[in-house]
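Visitor: Supplied structure: upload-v1.cif, mmCIF, C-alpha atoms.
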data_protein
loop_
_atom_site.group_PDB
_atom_site.id
_atom_site.type_symbol
_atom_site.label_atom_id
_atom_site.label_comp_id
_atom_site.auth_asym_id
_atom_site.auth_seq_id
_atom_site.Cartn_x
_atom_site.Cartn_y
_atom_site.Cartn_z
ATOM 1 C CA MET A 1 107.179 100.162 85.204
ATOM 2 C CA ALA A 2 108.361 101.173 81.740
ATOM 3 C CA VAL A 3 112.108 101.263 81.093
ATOM 4 C CA ILE A 4 113.855 103.410 78.504
ATOM 5 C CA ALA A 5 117.373 101.987 78.133
ATOM 6 C CA ILE A 6 120.323 103.796 76.571
ATOM 7 C CA ARG A 7 121.870 101.404 74.084
ATOM 8 C CA GLU A 8 125.465 102.601 74.575
ATOM 9 C CA GLU A 9 125.351 102.338 78.372
ATOM 10 C CA ALA A 10 122.621 100.026 79.704
ATOM 11 C CA SER A 11 123.131 96.329 80.387
ATOM 12 C CA PRO A 12 121.539 93.735 78.060
ATOM 13 C CA GLU A 13 120.465 91.975 81.284
ATOM 14 C CA LEU A 14 117.551 94.431 81.388
ATOM 15 C CA GLU A 15 115.891 92.257 78.758
ATOM 16 C CA LYS A 16 115.395 89.583 81.450
ATOM 17 C CA VAL A 17 113.823 91.799 84.109
ATOM 18 C CA ALA A 18 111.906 94.563 82.316
ATOM 19 C CA SER A 19 108.733 93.565 80.511
ATOM 20 C CA ARG A 20 108.158 97.052 79.049
ATOM 21 C CA LEU A 21 111.613 97.897 77.688
ATOM 22 C CA HIS A 22 112.494 100.322 74.895
ATOM 23 C CA TRP A 23 116.030 100.858 73.580
ATOM 24 C CA VAL A 24 117.197 104.283 72.400
ATOM 25 C CA SER A 25 120.555 105.659 71.354
ATOM 26 C CA LEU A 26 122.261 108.200 73.579
ATOM 27 C CA GLY A 27 121.474 111.078 71.209
ATOM 28 C CA GLU A 28 117.790 110.222 70.687
ATOM 29 C CA LEU A 29 116.038 112.656 73.008
ATOM 30 C CA SER A 30 113.000 112.989 70.726
ATOM 31 C CA ARG A 31 112.578 109.209 70.517
ATOM 32 C CA THR A 32 112.894 108.959 74.306
ATOM 33 C CA LEU A 33 110.067 111.481 74.751
ATOM 34 C CA GLU A 34 107.927 109.568 72.252
ATOM 35 C CA TRP A 35 108.322 106.333 74.220
ATOM 36 C CA LEU A 36 107.590 108.084 77.530
ATOM 37 C CA HIS A 37 104.383 109.555 76.153
ATOM 38 C CA GLN A 38 103.383 106.252 74.524
ATOM 39 C CA GLU A 39 103.790 104.545 77.916
ATOM 40 C CA GLY A 40 101.737 107.252 79.655
ATOM 41 C CA VAL A 41 104.636 108.236 81.922
ATOM 42 C CA ASN A 42 104.240 111.359 84.078
ATOM 43 C CA ARG A 43 106.939 110.579 86.689
ATOM 44 C CA ALA A 44 110.411 109.325 85.789
ATOM 45 C CA VAL A 45 113.592 108.413 87.655
ATOM 46 C CA MET A 46 117.138 108.303 86.289
ATOM 47 C CA ALA A 47 119.070 105.137 87.123
ATOM 48 C CA GLY A 48 122.638 104.269 86.220
ATOM 49 C CA GLN A 49 125.334 106.365 84.607
ATOM 50 C CA VAL A 50 126.078 108.069 81.333
ATOM 51 C CA LYS A 51 129.750 108.962 81.186
ATOM 52 C CA HIS A 52 130.231 112.705 80.812
ATOM 53 C CA ASN A 53 132.921 112.262 78.154
ATOM 54 C CA LYS A 54 130.245 110.928 75.794
ATOM 55 C CA ILE A 55 129.588 114.554 74.773
ATOM 56 C CA PHE A 56 132.925 114.368 72.934
ATOM 57 C CA SER A 57 132.150 111.029 71.275
ATOM 58 C CA SER A 58 130.999 110.295 67.731
ATOM 59 C CA ILE A 59 127.376 109.864 68.823
ATOM 60 C CA ARG A 60 125.223 112.311 66.877
ATOM 61 C CA PRO A 61 122.396 114.066 68.741
ATOM 62 C CA ASP A 62 118.957 114.356 67.171
ATOM 63 C CA TRP A 63 117.564 117.813 66.430
ATOM 64 C CA LYS A 64 116.006 118.218 69.875
ATOM 65 C CA LEU A 65 119.149 117.313 71.780
ATOM 66 C CA ALA A 66 121.330 119.332 69.372
ATOM 67 C CA LYS A 67 119.155 122.393 69.972
ATOM 68 C CA LEU A 68 119.406 121.856 73.718
ATOM 69 C CA LEU A 69 123.218 121.504 73.610
ATOM 70 C CA LEU A 70 123.590 124.662 71.530
ATOM 71 C CA SER A 71 121.546 126.610 74.077
ATOM 72 C CA LEU A 72 123.845 125.741 76.996
ATOM 73 C CA PRO A 73 126.523 128.249 78.021
ATOM 74 C CA LEU A 74 128.238 125.450 79.974
ATOM 75 C CA LYS A 75 128.337 121.725 79.292
ATOM 76 C CA ASN A 76 129.070 120.435 82.785
ATOM 77 C CA THR A 77 126.965 117.716 84.393
ATOM 78 C CA ASP A 78 124.475 119.999 86.121
ATOM 79 C CA SER A 79 123.892 122.012 82.970
ATOM 80 C CA LEU A 80 123.488 118.987 80.704
ATOM 81 C CA ILE A 81 121.244 116.815 82.826
ATOM 82 C CA GLY A 82 119.445 119.803 84.343
ATOM 83 C CA ALA A 83 118.500 120.907 80.837
ATOM 84 C CA VAL A 84 117.180 117.415 80.019
ATOM 85 C CA ALA A 85 115.134 117.542 83.252
ATOM 86 C CA ARG A 86 113.605 120.848 82.137
ATOM 87 C CA VAL A 87 112.707 119.344 78.762
ATOM 88 C CA LEU A 88 110.953 116.465 80.536
ATOM 89 C CA GLU A 89 109.076 118.892 82.756
ATOM 90 C CA SER A 90 107.968 120.902 79.719
ATOM 91 C CA GLU A 91 106.519 117.633 78.378
ATOM 92 C CA GLY A 92 104.574 117.011 81.595
ATOM 93 C CA ILE A 93 107.039 114.451 83.008
ATOM 94 C CA GLU A 94 108.365 115.025 86.533
ATOM 95 C CA LEU A 95 111.914 113.808 87.175
ATOM 96 C CA VAL A 96 111.949 112.512 90.756
ATOM 97 C CA ASP A 97 114.732 111.901 93.292
ATOM 98 C CA SER A 98 116.957 109.156 91.844
ATOM 99 C CA THR A 99 117.260 107.538 95.292
ATOM 100 C CA THR A 100 113.483 107.240 95.787
ATOM 101 C CA PHE A 101 113.598 103.427 95.651
ATOM 102 C CA LEU A 102 117.155 103.070 96.938
ATOM 103 C CA LYS A 103 117.061 104.445 100.490
ATOM 104 C CA PRO A 104 118.540 101.247 102.036
ATOM 105 C CA LEU A 105 121.644 101.767 99.886
ATOM 106 C CA ILE A 106 122.456 105.173 101.423
ATOM 107 C CA PRO A 107 124.797 104.931 104.442
ATOM 108 C CA THR A 108 124.275 106.939 107.606
ATOM 109 C CA PRO A 109 127.261 108.527 109.406
ATOM 110 C CA GLY A 110 129.871 106.222 110.883
ATOM 111 C CA VAL A 111 132.626 103.730 110.149
ATOM 112 C CA LEU A 112 131.271 101.020 107.863
ATOM 113 C CA THR A 113 134.199 98.620 108.000
ATOM 114 C CA ARG A 114 135.857 96.606 110.734
ATOM 115 C CA ARG A 115 138.857 98.930 110.778
ATOM 116 C CA VAL A 116 138.645 102.612 111.728
ATOM 117 C CA PRO A 117 140.844 105.078 109.761
ATOM 118 C CA ASP A 118 144.098 105.607 111.654
ATOM 119 C CA ALA A 119 145.413 109.078 112.573
ATOM 120 C CA ARG A 120 147.257 109.592 109.275
ATOM 121 C CA GLU A 121 144.302 108.436 107.193
ATOM 122 C CA ALA A 122 141.892 110.558 109.242
ATOM 123 C CA ALA A 123 144.019 113.659 108.649
ATOM 124 C CA ASP A 124 144.166 112.936 104.915
ATOM 125 C CA ILE A 125 140.399 112.373 104.773
ATOM 126 C CA ALA A 126 139.746 115.670 106.583
ATOM 127 C CA TYR A 127 142.028 117.513 104.166
ATOM 128 C CA GLY A 128 140.540 115.677 101.199
ATOM 129 C CA ARG A 129 137.012 116.620 102.184
ATOM 130 C CA GLU A 130 137.971 120.293 102.106
ATOM 131 C CA ILE A 131 139.499 119.965 98.627
ATOM 132 C CA ALA A 132 136.728 117.726 97.273
ATOM 133 C CA ARG A 133 134.028 120.145 98.379
ATOM 134 C CA GLN A 134 135.727 122.889 96.378
ATOM 135 C CA ILE A 135 135.929 120.923 93.126
ATOM 136 C CA ALA A 136 132.420 119.508 93.601
ATOM 137 C CA GLY A 137 131.134 123.058 94.048
ATOM 138 C CA LEU A 138 132.599 123.881 90.634
ATOM 139 C CA ASP A 139 130.955 120.743 89.150
ATOM 140 C CA LEU A 140 134.346 119.413 88.015
ATOM 141 C CA GLY A 141 134.295 116.069 89.821
ATOM 142 C CA GLN A 142 133.535 114.547 93.199
ATOM 143 C CA THR A 143 136.640 112.513 94.049
ATOM 144 C CA VAL A 144 140.150 113.403 95.205
ATOM 145 C CA VAL A 145 143.079 111.181 96.156
ATOM 146 C CA ILE A 146 145.366 112.311 98.966
ATOM 147 C CA ARG A 147 148.823 111.425 100.325
ATOM 148 C CA ASP A 148 150.191 113.134 103.477
ATOM 149 C CA ARG A 149 147.735 116.042 103.103
ATOM 150 C CA ALA A 150 148.798 116.669 99.530
ATOM 151 C CA CYS A 151 146.337 116.295 96.668
ATOM 152 C CA VAL A 152 147.665 113.657 94.272
ATOM 153 C CA ALA A 153 144.746 113.504 91.828
ATOM 154 C CA VAL A 154 141.471 115.343 91.190
ATOM 155 C CA GLU A 155 138.571 113.789 89.287
ATOM 156 C CA ALA A 156 137.410 115.415 86.074
ATOM 157 C CA MET A 157 135.451 113.465 83.423
ATOM 158 C CA GLU A 158 137.204 110.115 83.803
ATOM 159 C CA GLY A 159 135.353 108.860 86.884
ATOM 160 C CA THR A 160 136.404 107.658 90.337
ATOM 161 C CA ASP A 161 138.218 104.451 89.397
ATOM 162 C CA GLU A 162 140.387 106.039 86.713
ATOM 163 C CA THR A 163 141.204 108.928 89.063
ATOM 164 C CA ILE A 164 142.445 106.439 91.654
ATOM 165 C CA GLU A 165 144.502 104.589 89.039
ATOM 166 C CA ARG A 166 146.059 107.854 87.874
ATOM 167 C CA ALA A 167 146.922 108.768 91.463
ATOM 168 C CA ALA A 168 148.605 105.383 91.940
ATOM 169 C CA ARG A 169 150.808 105.980 88.897
ATOM 170 C CA ILE A 170 151.810 109.387 90.237
ATOM 171 C CA ALA A 171 152.434 108.128 93.779
ATOM 172 C CA GLY A 172 154.653 105.292 92.583
ATOM 173 C CA GLY A 173 153.412 102.650 95.005
ATOM 174 C CA ALA A 174 152.896 104.857 98.077
ATOM 175 C CA SER A 175 149.739 104.311 100.118
ATOM 176 C CA LEU A 176 146.865 106.706 99.419
ATOM 177 C CA VAL A 177 143.507 107.873 100.769
ATOM 178 C CA ALA A 178 140.434 108.596 98.603
ATOM 179 C CA VAL A 179 137.562 110.964 99.337
ATOM 180 C CA LYS A 180 134.253 111.087 97.468
ATOM 181 C CA VAL A 181 131.690 113.822 98.176
ATOM 182 C CA SER A 182 128.394 115.141 96.892
ATOM 183 C CA LYS A 183 128.001 118.637 95.502
ATOM 184 C CA PRO A 184 127.217 121.446 97.963
ATOM 185 C CA ARG A 185 123.809 121.826 96.324
ATOM 186 C CA GLN A 186 123.444 118.242 95.185
ATOM 187 C CA ASP A 187 120.394 117.680 92.997
ATOM 188 C CA MET A 188 119.275 114.241 94.130
ATOM 189 C CA ARG A 189 117.495 113.662 90.833
ATOM 190 C CA PHE A 190 120.782 112.908 89.098
ATOM 191 C CA ASP A 191 124.570 112.504 89.408
ATOM 192 C CA VAL A 192 124.444 111.188 92.985
ATOM 193 C CA PRO A 193 127.858 109.768 94.043
ATOM 194 C CA VAL A 194 128.060 105.978 93.733
ATOM 195 C CA MET A 195 130.377 103.459 95.379
ATOM 196 C CA GLY A 196 130.537 99.764 94.536
ATOM 197 C CA LEU A 197 132.610 96.604 94.550
ATOM 198 C CA THR A 198 134.697 97.556 91.520
ATOM 199 C CA THR A 199 135.975 100.657 93.290
ATOM 200 C CA VAL A 200 137.103 98.573 96.282
ATOM 201 C CA GLU A 201 138.990 96.276 93.916
ATOM 202 C CA VAL A 202 140.668 99.283 92.284
ATOM 203 C CA MET A 203 141.520 100.722 95.717
ATOM 204 C CA GLN A 204 143.161 97.471 96.795
ATOM 205 C CA ARG A 205 145.203 97.261 93.604
ATOM 206 C CA CYS A 206 146.261 100.919 93.888
ATOM 207 C CA ARG A 207 147.130 100.824 97.609
ATOM 208 C CA VAL A 208 144.304 103.123 98.706
ATOM 209 C CA THR A 209 143.946 102.211 102.378
ATOM 210 C CA ALA A 210 140.954 104.374 103.367
ATOM 211 C CA LEU A 211 137.906 106.004 101.814
ATOM 212 C CA GLY A 212 135.794 108.866 103.117
ATOM 213 C CA MET A 213 132.335 109.561 101.690
ATOM 214 C CA ASP A 214 129.247 111.653 102.400
ATOM 215 C CA ALA A 215 126.529 110.015 104.462
ATOM 216 C CA GLY A 216 123.001 110.524 103.198
ATOM 217 C CA ARG A 217 124.100 111.402 99.652
ATOM 218 C CA THR A 218 126.091 108.393 98.443
ATOM 219 C CA LEU A 219 124.710 105.183 96.953
ATOM 220 C CA LEU A 220 126.540 102.112 98.243
ATOM 221 C CA PHE A 221 125.746 99.217 95.920
ATOM 222 C CA ASP A 222 126.271 95.583 96.984
ATOM 223 C CA ARG A 223 126.846 96.869 100.496
ATOM 224 C CA ALA A 224 127.573 93.536 102.177
ATOM 225 C CA ARG A 225 130.035 92.489 99.470
ATOM 226 C CA VAL A 226 131.700 95.927 99.442
ATOM 227 C CA ILE A 227 132.276 95.870 103.217
ATOM 228 C CA GLU A 228 133.426 92.235 103.117
ATOM 229 C CA ALA A 229 135.916 93.021 100.343
ATOM 230 C CA ALA A 230 137.143 96.161 102.128
ATOM 231 C CA ASP A 231 137.636 94.235 105.385
ATOM 232 C CA ALA A 232 139.540 91.502 103.549
ATOM 233 C CA ALA A 233 141.807 94.169 102.017
ATOM 234 C CA ASP A 234 142.155 96.017 105.364
ATOM 235 C CA ILE A 235 140.573 99.139 103.834
ATOM 236 C CA ALA A 236 138.754 101.537 106.169
ATOM 237 C CA ILE A 237 135.539 103.191 104.919
ATOM 238 C CA GLU A 238 133.828 105.995 106.809
ATOM 239 C CA ALA A 239 130.691 107.990 105.992
ATOM 240 C CA PHE A 240 130.589 111.551 107.289
ATOM 241 C CA PRO A 241 127.584 113.711 108.194
ATOM 242 C CA LEU A 242 126.796 116.530 105.813
ATOM 243 C CA GLU A 243 127.899 119.986 106.819
ATOM 244 C CA ILE A 244 125.327 122.710 107.294
ATOM 245 C CA ILE A 245 126.475 126.109 106.043
ATOM 246 C CA GLY A 246 127.562 128.196 108.997
ATOM 247 C CA VAL A 247 127.524 125.268 111.414
ATOM 248 C CA ALA A 248 130.607 123.214 112.177
ATOM 249 C CA GLU A 249 130.522 119.542 111.278
ATOM 250 C CA GLN A 250 130.269 117.266 114.304
ATOM 251 C CA PRO A 251 133.332 115.023 114.544
ATOM 252 C CA THR A 252 132.904 111.286 114.305
ATOM 253 C CA VAL A 253 133.802 109.419 117.501
ATOM 254 C CA ARG A 254 136.962 107.513 116.625
ATOM 255 C CA GLY A 255 137.704 104.054 117.862
ATOM 256 C CA LYS A 256 134.057 103.015 117.560
ATOM 257 C CA SER A 257 132.650 101.278 114.526
ATOM 258 C CA THR A 258 128.988 101.748 113.662
ATOM 259 C CA GLN A 259 128.958 98.656 111.487
ATOM 260 C CA GLY A 260 125.476 97.210 111.471
ATOM 261 C CA LYS A 261 123.926 100.519 112.480
ATOM 262 C CA SER A 262 124.239 102.341 109.183
#
Using the file provided, produce a representation of the structure as structure tokens.

Guide:
Amino acid sequence: MAVIAIREEASPELEKVASRLHWVSLGELSRTLEWLHQEGVNRAVMAGQVKHNKIFSSIRPDWKLAKLLLSLPLKNTDSLIGAVARVLESEGIELVDSTTFLKPLIPTPGVLTRRVPDAREAADIAYGREIARQIAGLDLGQTVVIRDRACVAVEAMEGTDETIERAARIAGGASLVAVKVSKPRQDMRFDVPVMGLTTVEVMQRCRVTALGMDAGRTLLFDRARVIEAADAADIAIEAFPLEIIGVAEQPTVRGKSTQGKS
């Protein structure tokens, strides 16, 4: 496997595990294509995150990326990464599902933690899922933070953890519920929702007592440690089945944990 690592984002630890590693700057699309062709790559997978706000940074794009950016009517995530995917395809490189090698990290429906969301948290999660689906459909963000069926914070470019921290400042110490969803037409090649240990730590610090997420379309990294940390903080985490357009979502049976079955 050949690895093309983005210098501004990727971990230096890659040097220890990737024998065929090439570093490029975030704006070097032409150089990236050169390395891919040199390595004989015809199938590629995106791994990790590039923060969306980097488009407003001082990083200068090369001519190929600059031309691509100028051609976009919108610069949201789908437009940006979708355009890069089309460039790869035009070069004979297929961008595959980013979860291809990560299926064990995707939770199935059910309560993942020892504690089930209580009635108040369940109501906030249900409300939050309605709101989150709307903003995700507009490609604005994928996370909302709720208190008593009122939306306290909506994610934009800052990411899940900063959205939660902003909600905590607004709520002034009140307990909160977070909801993270995929887009209605989620392209599994990129921008798949991710949940990890850092988010649990932020939730604990910000008094977020429950988290709802999409089953089948969320990557749960360090699963055992995440669930252990959530249980220690008395945080409830539940994964919900995806809705099918025109068909009502089946409710999760409350009072039963599916821990160990997901």

Visitor: Evaluated on this file, the PyMOL selection byres ((chain A and resi 170-178) around 10) picks out some residues - which ones are they, written as a ChimeraX atom specification?

Guide: /A:117,120-125,128-129,132,143-149,151-153,160,163-169,179-180,203,205-213,235-237

Visitor: What is the distance between atom CA of Glu158 of chain A and atom CA of Ala215 of chain A, in Å to one decimal?

Guide: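 Atom CA of Ala215 of chain A lies 23.3 Å from atom CA of Glu158 of chain A.
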
Visitor: Can you give me, as a tab-separated table (two decimals) with C-alpha atoms, in the coordinates of the input, the residues this file yields under the PyMOL selection byres ((chain A and resi 47) around 12)?

Guide:
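The resulting file, out-v9.tsv, is shown below:
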chain	number	residue	atom	x	y	z
A	3	VAL	CA	112.11	101.26	81.09
A	4	ILE	CA	113.86	103.41	78.50
A	5	ALA	CA	117.37	101.99	78.13
A	6	ILE	CA	120.32	103.80	76.57
A	9	GLU	CA	125.35	102.34	78.37
A	10	ALA	CA	122.62	100.03	79.70
A	11	SER	CA	123.13	96.33	80.39
A	44	ALA	CA	110.41	109.32	85.79
A	45	VAL	CA	113.59	108.41	87.66
A	46	MET	CA	117.14	108.30	86.29
A	48	GLY	CA	122.64	104.27	86.22
A	49	GLN	CA	125.33	106.36	84.61
A	50	VAL	CA	126.08	108.07	81.33
A	95	LEU	CA	111.91	113.81	87.18
A	96	VAL	CA	111.95	112.51	90.76
A	97	ASP	CA	114.73	111.90	93.29
A	98	SER	CA	116.96	109.16	91.84
A	99	THR	CA	117.26	107.54	95.29
A	100	THR	CA	113.48	107.24	95.79
A	101	PHE	CA	113.60	103.43	95.65
A	102	LEU	CA	117.16	103.07	96.94
A	188	MET	CA	119.28	114.24	94.13
A	189	ARG	CA	117.50	113.66	90.83
A	190	PHE	CA	120.78	112.91	89.10
A	191	ASP	CA	124.57	112.50	89.41
A	192	VAL	CA	124.44	111.19	92.98
A	194	VAL	CA	128.06	105.98	93.73
A	219	LEU	CA	124.71	105.18	96.95

Visitor: Of the candidates A:Val181, A:Ala18, A:Ala150, A:Leu197, which shows the shortest atom-to-atom distance to Gly137 of chain A, using only C-alpha atoms?

Guide: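 Looking at the shortest contact to Gly137 of chain A, the residue is A:Val181.
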
Visitor: Determine, counting all atoms listed in the file, which protein, DNA and RNA residues have an atom within 9 Å of an atom of Val226 of chain A; residues of the same chain fewer than 6 positions away are not included. Present the result as an NGL selection string.

Guide: :A and (195-200 or 220)

Visitor: So, with only C-alpha atoms as the atoms that count, which of A:Ala229, A:Ala224, A:Val202, A:Leu80 lies closest to Leu105 of chain A?

Guide: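 Counting only C-alpha atoms, the residue closest to Leu105 of chain A is A:Ala224.
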
Visitor: Find the distance between atom CA of Leu68 of chain A and atom CA of Ile81 of chain A and write it in Å to one decimal.

Guide: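 Between atom CA of Leu68 of chain A and atom CA of Ile81 of chain A the gap is 10.6 Å.
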
Visitor: Expressed in Å to a single decimal, how great is the separation between atom CA of Asp187 of chain A and atom CA of Ala85 of chain A?

Guide: 11.1 Å

Visitor: For Met157 of chain A, which of A:Arg225, A:Thr77, A:Asp118, A:Gln134 is the closest residue, counting only C-alpha atoms?

Guide: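 Among the listed residues, the smallest separation from Met157 of chain A belongs to A:Thr77.
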
Visitor: For Pro241 of chain A, which residue out of A:Val154, A:Val116, A:Leu140, A:Val111 is the nearest one, using only C-alpha atoms?

Guide: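 Of A:Val154, A:Val116, A:Leu140, A:Val111, the one nearest Pro241 of chain A, counting only C-alpha atoms, is A:Val111.
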
Visitor: Between A:Ala136, A:Leu112, A:Ala232, A:Met1, single out the one closest to Arg43 of chain A, counting only C-alpha atoms.

Guide: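 Of the candidates, the smallest distance to Arg43 of chain A is held by A:Met1.
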
Visitor: For Ile59 of chain A, which of A:Gly27, A:Pro12, A:Pro73, A:Pro184 is the closest residue, counting all atoms listed in the file?

Guide: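 Among the listed residues, A:Gly27 lies closest to Ile59 of chain A.
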
Visitor: Where's the centre, and what are the edge lengths in Å to one decimal, of a box along x, y and z enclosing all listed atoms of segment 136-144 of chain A padded 8 Å per side, as AutoDock Vina command-line options?

Guide:
--center_x 135.6 --center_y 118.2 --center_z 91.6 --size_x 25.2 --size_y 27.4 --size_z 23.2

Visitor: So which residues get picked by the PyMOL selection byres ((chain A and resi 36) around 12) here, written as an MDAnalysis selection string?

Guide: chainID A and resid 1:5 20:24 29:35 37:45 88 91:94

Visitor: For Leu70 of chain A, work out the shell of residues within 12 Å, counting all atoms listed in the file and skipping chain neighbours fewer than 4 positions away, then give it as an MDAnalysis selection string.

Guide: chainID A and resid 61 63:66 74:75 79:80 83
